[in-house]
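Please read the structure below before turning to the comments.
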Amino acid sequence: MSSLPEFNELTVAVRNLKLNYKTNITKKPNFKEALLHFGRGEKTAITVEALKGVSFDVHKGTVLGIIGANGAGKSTLMKAIAGLLPPTEGEIEIRGKVSAMLSLGVGFNPNLSGKENVVLGGLAAGLSRAEIDDNFSKIVDFAQLHDHIEMPMRTYSAGMYSRLGFAVATTINPEILLIDEALSTGDASFKEKSAARISELAQQAKTLIVVSHALATVQELCTEAIWLDHGNLIGRGTPDEVILAYTKFLNVGGAAIAMEDF
Amino acid sequence: MSENSSVLETESRVIRPFRAGMPNLRQYFIDIRNRKEFVLELSRAERAEEHLDTVFGQLWSVLSPLLSAGVYYLFIFVVQGGHQGTEFFLHLVAGIFIFELVSTAGTRGATSIVRAGALINNTSFPRVLLPLTDILTAFRVFLPAMFIYAIFHFALGAPVYLSSLQAILALVLLVMFASGLAMFASTAQVYFRDTQALMPFILRLTMFLSPVLYFPEQAKALLDGRLLAIFNPVFCMVQIFSGSLVRGDTFDLWTWVIAIFWATASLLGGFWFLVSREGEFAARI
């Protein structure tokens, strides 16, 4: 891959990041399962070597797309940058406030209203009540949930969850924004709106790191891309270069289906 | 949690591997302090969700342990063949109420981390705040119960003792113990999702082995209750709480030492268990 022009200020530096984690074999582990596995001499958890020494830098104003097949380590990398999973080796230097929209974003208690979930999510992230109140109307406006914001989130559709999560993550004025697959949900107008918001944030010299299986989204939104495979960094460069290498690797060329869903 | 996990407050930080499985505790406590508002708001929201912030909701929450006290009193009345006296009734009500605090902390606390899965998978913050929120909620439900106890106490003409102030210290110790229990149970629930289902049995057993349905001196098994006092973590705490409140009892140093030991062991042990495991939560939930 060709070397990229240096953007000005470094915001995220990932240095030789190795990350192993243990995860349950069964979806809902319990004592009964544990005893049965123990009786058979089987393990109830496995260690996953998710990242195997990944290094890269991200600079201000960069929209970095992370691509790769399922199990490549993309989401683990995002969780590590967000501080959710500690590294096994290596380190991550972060310069600036981080906001993340991973998993479901907001909405951890579906029985509480959208408003309560926004407030609680913000407070958990370290925002003050005043900061949340100042931004609340902007969040509701962007998410277009005026009629639903006081309703329990269990009544929300997946698109409404997604809109609210994206609105919260992008409205609280982060220097670094992490978005994992959030752009693949929602209708066409939301995708357009969120793409515009991403461009706007990039123009404000914010740093964005986006994970998406939709290569067209990465090509359209990102200024740089990295390709992960089985926990290794395979390639880095402009989105066109990395996507070309990735699709060649997958042996699917530039077929439209690959651009939308890999 | 990252070593410096106050993501939105810190401008520059380096996330490194945990040392000996633990995050930087200094930073961890700073993060806890900075999120007091989160705990208060989450507790308020959850109480509102269960209508515990209304008069009728609070009455309902008191009614349940009160009915339990009534049922146990009737049971003991039948078994013992007579009225056990005002003192015993007050002891029973105080014991049931204080045990309800421990019980609520254990059962609610068990699910505190798992039920916040989406938040855990999206936001970096000290996970210990989740069970502590349930302790706050349980404590807020307990306070009106003590108001009801006070009504019984005065209505039945029971005297007020200066030594009853010891009950406040016992309450502090019980809250410490309940916090540790909630932290332990919430972490265990991540690994074994039926921990919550086991908690009622464990808690009921603990209650039967504590001086709730009987006075401490009535325990005859296990060297006249001496082994129970040592090995049942809440025995001495409940004994001090109820004994000082109802009868104005004072207690020897040994009783206090046991109570303080178990409260501290539970708090520190539960905290260590949770914090040393919380780096795995985002992968396990």
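Letters A, B, ... mark the chains of the structure tokens in the order given; residue numbers begin at 1 per chain; ligand numbers begin at 1, in order shown.
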For this session: Please report, as JSON, numbers by chain, each residue of range 30-259 of chain B to which DSSP assigns alpha helix (DSSP H) when run on this structure's backbone.
Result: {"B": [30, 31, 32, 33, 34, 36, 37, 38, 39, 40, 41, 42, 43, 44, 45, 46, 47, 48, 49, 55, 56, 57, 58, 59, 60, 61, 62, 63, 64, 65, 66, 67, 68, 69, 70, 71, 72, 73, 74, 75, 76, 77, 78, 79, 80, 86, 87, 88, 89, 90, 91, 92, 93, 94, 95, 96, 97, 98, 99, 100, 101, 102, 103, 104, 105, 106, 107, 108, 109, 110, 117, 118, 119, 120, 129, 130, 131, 132, 133, 134, 135, 136, 137, 138, 139, 140, 141, 142, 143, 144, 145, 146, 147, 148, 149, 150, 151, 152, 153, 154, 155, 166, 167, 168, 169, 170, 171, 172, 173, 174, 175, 176, 177, 178, 179, 180, 181, 182, 183, 184, 185, 186, 187, 188, 189, 190, 191, 195, 196, 197, 198, 199, 200, 201, 202, 203, 204, 205, 206, 207, 208, 221, 222, 223, 224, 226, 227, 228, 229, 230, 231, 235, 236, 237, 238, 239, 240, 241, 242, 253, 254, 255, 256, 257, 258, 259]}
For this session: Please provide the set of residues having any atom within 10 Å of range 77-91 of chain B, restricted to only C-alpha atoms, with same-chain residues fewer than 5 positions apart removed, written as a PyMOL selection string.
Result: chain B and resi 69-72+96-97+149-150+152-153+156-158+211-215+239+241-247
Only N, CA and C atoms, please: the residues just picked out, written as a compact mmCIF listing (two decimals), in the first residue's frame.
# COMPACT_ATOMS: atom_id res chain seq x y z
N ALA B 69 -43.57 -11.05 58.44
CA ALA B 69 -43.42 -11.03 59.91
C ALA B 69 -44.68 -11.59 60.55
N GLY B 70 -45.86 -11.21 60.01
CA GLY B 70 -47.13 -11.70 60.54
C GLY B 70 -47.24 -13.21 60.40
N VAL B 71 -46.86 -13.72 59.24
CA VAL B 71 -46.94 -15.16 58.98
C VAL B 71 -46.00 -15.92 59.93
N TYR B 72 -44.77 -15.43 60.06
CA TYR B 72 -43.81 -16.10 60.94
C TYR B 72 -44.28 -16.03 62.40
N ILE B 96 -36.90 -9.04 60.38
CA ILE B 96 -37.40 -9.26 59.01
C ILE B 96 -37.09 -8.04 58.14
N PHE B 97 -37.29 -6.85 58.69
CA PHE B 97 -37.03 -5.63 57.91
C PHE B 97 -35.55 -5.52 57.54
N TYR B 149 -41.57 0.40 61.66
CA TYR B 149 -41.10 -0.24 62.89
C TYR B 149 -41.27 0.72 64.08
N ALA B 150 -40.88 1.97 63.86
CA ALA B 150 -40.95 2.97 64.93
C ALA B 150 -42.39 3.12 65.42
N PHE B 152 -44.74 0.80 65.38
CA PHE B 152 -45.00 -0.38 66.23
C PHE B 152 -44.35 -0.23 67.60
N HIS B 153 -43.10 0.21 67.58
CA HIS B 153 -42.31 0.32 68.81
C HIS B 153 -43.02 1.22 69.83
N LEU B 156 -46.71 0.00 70.87
CA LEU B 156 -46.72 -1.13 71.82
C LEU B 156 -46.08 -0.75 73.16
N GLY B 157 -45.72 0.51 73.30
CA GLY B 157 -45.21 1.02 74.58
C GLY B 157 -43.83 0.52 74.94
N ALA B 158 -43.04 0.15 73.94
CA ALA B 158 -41.67 -0.32 74.22
C ALA B 158 -40.79 0.87 74.60
N PRO B 211 -30.41 -14.69 64.02
CA PRO B 211 -31.42 -14.45 65.07
C PRO B 211 -32.52 -13.50 64.61
N VAL B 212 -33.35 -14.01 63.68
CA VAL B 212 -34.48 -13.23 63.18
C VAL B 212 -35.78 -13.81 63.73
N LEU B 213 -35.93 -15.14 63.60
CA LEU B 213 -37.15 -15.81 64.06
C LEU B 213 -37.00 -16.26 65.51
N TYR B 214 -35.89 -15.98 66.11
CA TYR B 214 -35.64 -16.36 67.52
C TYR B 214 -34.64 -15.36 68.09
N PHE B 215 -34.60 -15.28 69.41
CA PHE B 215 -33.58 -14.44 70.05
C PHE B 215 -32.24 -15.19 69.98
N GLN B 239 -27.92 -9.54 65.30
CA GLN B 239 -28.04 -9.58 66.77
C GLN B 239 -27.89 -8.17 67.36
N PHE B 241 -28.20 -5.27 65.75
CA PHE B 241 -29.25 -4.36 65.25
C PHE B 241 -30.54 -4.53 66.05
N SER B 242 -31.01 -5.76 66.09
CA SER B 242 -32.30 -6.01 66.73
C SER B 242 -32.22 -5.91 68.26
N GLY B 243 -31.15 -6.48 68.81
CA GLY B 243 -30.99 -6.49 70.27
C GLY B 243 -30.91 -5.09 70.85
N SER B 244 -30.15 -4.23 70.21
CA SER B 244 -29.99 -2.86 70.75
C SER B 244 -31.26 -2.05 70.54
N LEU B 245 -31.94 -2.31 69.43
CA LEU B 245 -33.14 -1.52 69.11
C LEU B 245 -34.32 -1.93 70.01
N VAL B 246 -34.51 -3.22 70.17
CA VAL B 246 -35.71 -3.72 70.87
C VAL B 246 -35.51 -3.78 72.38
N ARG B 247 -34.34 -4.30 72.81
CA ARG B 247 -34.14 -4.54 74.25
C ARG B 247 -33.09 -3.65 74.89
For this session: List the neighbours of Arg163 in chain A out to 8 Å using only C-alpha atoms; skip same-chain residues closer than 5 positions along the sequence, and give me the result as a ChimeraX atom specification.
Result: /A:142-144,186,190
Serialized selection, N, CA and C atoms, as a PDB file, in the first residue's frame:
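And here is the file that came out, out.pdb:
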ATOM      1  N   PHE A 142     -32.340  15.377  16.059  1.00  0.00           N
ATOM      2  CA  PHE A 142     -31.612  14.570  15.072  1.00  0.00           C
ATOM      3  C   PHE A 142     -32.238  13.178  14.942  1.00  0.00           C
ATOM      4  N   ALA A 143     -32.611  12.609  16.091  1.00  0.00           N
ATOM      5  CA  ALA A 143     -33.167  11.245  16.069  1.00  0.00           C
ATOM      6  C   ALA A 143     -34.615  11.222  15.589  1.00  0.00           C
ATOM      7  N   GLN A 144     -35.226  12.398  15.513  1.00  0.00           N
ATOM      8  CA  GLN A 144     -36.630  12.521  15.088  1.00  0.00           C
ATOM      9  C   GLN A 144     -37.544  11.629  15.934  1.00  0.00           C
ATOM     10  N   GLY A 186     -31.366   1.249  10.015  1.00  0.00           N
ATOM     11  CA  GLY A 186     -32.053   2.502   9.712  1.00  0.00           C
ATOM     12  C   GLY A 186     -32.398   2.590   8.237  1.00  0.00           C
ATOM     13  N   PHE A 190     -32.135   8.043   6.985  1.00  0.00           N
ATOM     14  CA  PHE A 190     -31.264   8.081   8.157  1.00  0.00           C
ATOM     15  C   PHE A 190     -29.804   7.872   7.755  1.00  0.00           C
TER      16      PHE A 190
END
Exercise. Taking only C-alpha atoms into account, what are the residues of chain B at most 9 Å from chain A, put as a ChimeraX atom specification?
Worked result: /B:1-18,23,31,34-39,41-42,45-46,49,115-126,189-195,278-285
Exercise. Could you work out how far CA of Gly231 in chain A lies from CA of Lys191 in chain A, giving the answer in Å with one decimal?
Worked result: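 About the pair CA of Lys191 in chain A and CA of Gly231 in chain A: they are 28.8 Å apart.
Closest approach to Cys236 in chain B among B:Ser64, B:Ser276, B:Ser103, B:Thr255 is made by B:Thr255 (distances from only C-alpha atoms).
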Problem set entry | Residue among A:Val54, A:Ile243, A:Cys222, A:Ile198 lying closest to Leu77 in chain A, counting only C-alpha atoms | A:Val54
Exercise. Hey, what's within 6 Å of Ala263 in chain B if we count only C-alpha atoms and toss same-chain stuff fewer than 5 positions away? As a PyMOL selection string, please?
Worked result: chain B and resi 173+176-177
Dump N, CA and C atoms for the selected residues as a tab-separated table (two decimals), in the first residue's frame?
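Printed below is part-v3.tsv as written:
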chain	number	residue	atom	x	y	z
B	173	LEU	N	-22.77	-1.63	59.15
B	173	LEU	CA	-22.08	-2.91	58.88
B	173	LEU	C	-22.91	-3.78	57.94
B	176	MET	N	-22.56	-2.50	54.47
B	176	MET	CA	-21.25	-2.92	53.94
B	176	MET	C	-21.32	-4.38	53.48
B	177	PHE	N	-21.91	-5.22	54.34
B	177	PHE	CA	-22.01	-6.64	53.99
B	177	PHE	C	-22.85	-6.83	52.73
Problem set entry | Nearby residues (only C-alpha atoms) at most 9 Å from Thr62 in chain A, same-chain spacing under 5 positions excluded, as a list of chain:residue names |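 Answer for this query is A:Phe7, A:Ala202, A:Ala205, A:Lys206, A:Thr207, A:Leu208, A:Ile209, A:Cys222, A:Thr223, A:Glu224.
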Give me, as a PDB file with C-alpha atoms, in the first residue's frame, the residues of range 3-230 of chain A that a backbone DSSP run labels strand (DSSP E or B).
ATOM      1  CA  LEU A  10      -2.161  12.323  16.382  1.00  0.00           C
ATOM      2  CA  THR A  11      -5.356  11.359  18.228  1.00  0.00           C
ATOM      3  CA  VAL A  12      -5.228   7.553  18.506  1.00  0.00           C
ATOM      4  CA  ALA A  13      -2.065   5.460  18.540  1.00  0.00           C
ATOM      5  CA  VAL A  14      -2.439   1.693  18.743  1.00  0.00           C
ATOM      6  CA  ARG A  15       0.896   0.070  19.499  1.00  0.00           C
ATOM      7  CA  ASN A  16       1.478  -3.678  19.198  1.00  0.00           C
ATOM      8  CA  LEU A  17      -1.994  -4.373  20.553  1.00  0.00           C
ATOM      9  CA  LYS A  18      -2.601  -7.963  21.522  1.00  0.00           C
ATOM     10  CA  LEU A  19      -5.910  -8.824  23.052  1.00  0.00           C
ATOM     11  CA  ASN A  20      -7.071 -12.203  24.255  1.00  0.00           C
ATOM     12  CA  TYR A  21     -10.344 -12.672  26.021  1.00  0.00           C
ATOM     13  CA  LYS A  22     -12.287 -15.524  27.513  1.00  0.00           C
ATOM     14  CA  THR A  23     -15.827 -16.069  26.421  1.00  0.00           C
ATOM     15  CA  ASN A  24     -18.534 -18.541  27.395  1.00  0.00           C
ATOM     16  CA  ALA A  45     -15.108 -21.009  28.302  1.00  0.00           C
ATOM     17  CA  ILE A  46     -12.624 -20.552  25.500  1.00  0.00           C
ATOM     18  CA  THR A  47      -9.812 -18.051  25.073  1.00  0.00           C
ATOM     19  CA  VAL A  48     -10.057 -16.055  21.874  1.00  0.00           C
ATOM     20  CA  GLU A  49      -6.910 -14.476  20.455  1.00  0.00           C
ATOM     21  CA  ALA A  50      -8.780 -11.570  18.933  1.00  0.00           C
ATOM     22  CA  LEU A  51      -5.902  -9.191  18.153  1.00  0.00           C
ATOM     23  CA  LYS A  52      -2.357 -10.372  17.500  1.00  0.00           C
ATOM     24  CA  GLY A  53      -0.126  -7.322  17.570  1.00  0.00           C
ATOM     25  CA  VAL A  54      -1.937  -4.557  15.719  1.00  0.00           C
ATOM     26  CA  SER A  55      -0.283  -1.132  15.310  1.00  0.00           C
ATOM     27  CA  PHE A  56      -1.566   1.994  13.584  1.00  0.00           C
ATOM     28  CA  ASP A  57      -2.023   5.724  14.143  1.00  0.00           C
ATOM     29  CA  VAL A  58      -5.037   7.901  13.491  1.00  0.00           C
ATOM     30  CA  HIS A  59      -4.808  11.667  13.067  1.00  0.00           C
ATOM     31  CA  VAL A  63     -12.373   9.050   9.042  1.00  0.00           C
ATOM     32  CA  LEU A  64     -10.851   5.595   9.400  1.00  0.00           C
ATOM     33  CA  GLY A  65     -12.806   2.631   8.091  1.00  0.00           C
ATOM     34  CA  ILE A  66     -12.072  -0.827   9.491  1.00  0.00           C
ATOM     35  CA  ILE A  67     -12.977  -3.714   7.226  1.00  0.00           C
ATOM     36  CA  GLU A  89      -0.147  -6.656  25.621  1.00  0.00           C
ATOM     37  CA  GLY A  90       0.706  -3.361  23.974  1.00  0.00           C
ATOM     38  CA  GLU A  91      -1.039  -0.051  24.554  1.00  0.00           C
ATOM     39  CA  ILE A  92      -3.471   2.455  23.115  1.00  0.00           C
ATOM     40  CA  GLU A  93      -2.814   6.163  23.420  1.00  0.00           C
ATOM     41  CA  ILE A  94      -5.900   8.331  23.199  1.00  0.00           C
ATOM     42  CA  ARG A  95      -5.752  12.104  22.856  1.00  0.00           C
ATOM     43  CA  VAL A  98     -14.107   9.514  23.080  1.00  0.00           C
ATOM     44  CA  SER A  99     -17.720   8.775  22.294  1.00  0.00           C
ATOM     45  CA  ALA A 100     -18.745   5.328  21.134  1.00  0.00           C
ATOM     46  CA  MET A 101     -21.696   3.818  19.430  1.00  0.00           C
ATOM     47  CA  SER A 113     -37.995   5.879  28.527  1.00  0.00           C
ATOM     48  CA  PRO A 152     -40.274   3.044  27.175  1.00  0.00           C
ATOM     49  CA  ILE A 176     -12.955  10.803  18.722  1.00  0.00           C
ATOM     50  CA  LEU A 177     -16.066   8.951  17.624  1.00  0.00           C
ATOM     51  CA  LEU A 178     -16.266   5.167  17.359  1.00  0.00           C
ATOM     52  CA  ILE A 179     -19.114   3.683  15.318  1.00  0.00           C
ATOM     53  CA  ASP A 180     -19.509  -0.067  14.952  1.00  0.00           C
ATOM     54  CA  THR A 207     -11.487  11.716  14.377  1.00  0.00           C
ATOM     55  CA  LEU A 208     -13.909   9.002  13.377  1.00  0.00           C
ATOM     56  CA  ILE A 209     -13.336   5.271  13.374  1.00  0.00           C
ATOM     57  CA  VAL A 210     -16.029   3.319  11.571  1.00  0.00           C
ATOM     58  CA  VAL A 211     -16.539  -0.442  11.337  1.00  0.00           C
ATOM     59  CA  GLU A 224      -8.388   5.993   5.252  1.00  0.00           C
ATOM     60  CA  ALA A 225      -9.024   2.314   5.783  1.00  0.00           C
ATOM     61  CA  ILE A 226      -7.415  -0.653   7.481  1.00  0.00           C
ATOM     62  CA  TRP A 227      -8.083  -4.312   6.799  1.00  0.00           C
ATOM     63  CA  LEU A 228      -8.024  -6.829   9.628  1.00  0.00           C
ATOM     64  CA  ASP A 229      -7.955 -10.573   9.204  1.00  0.00           C
TER      65      ASP A 229
END
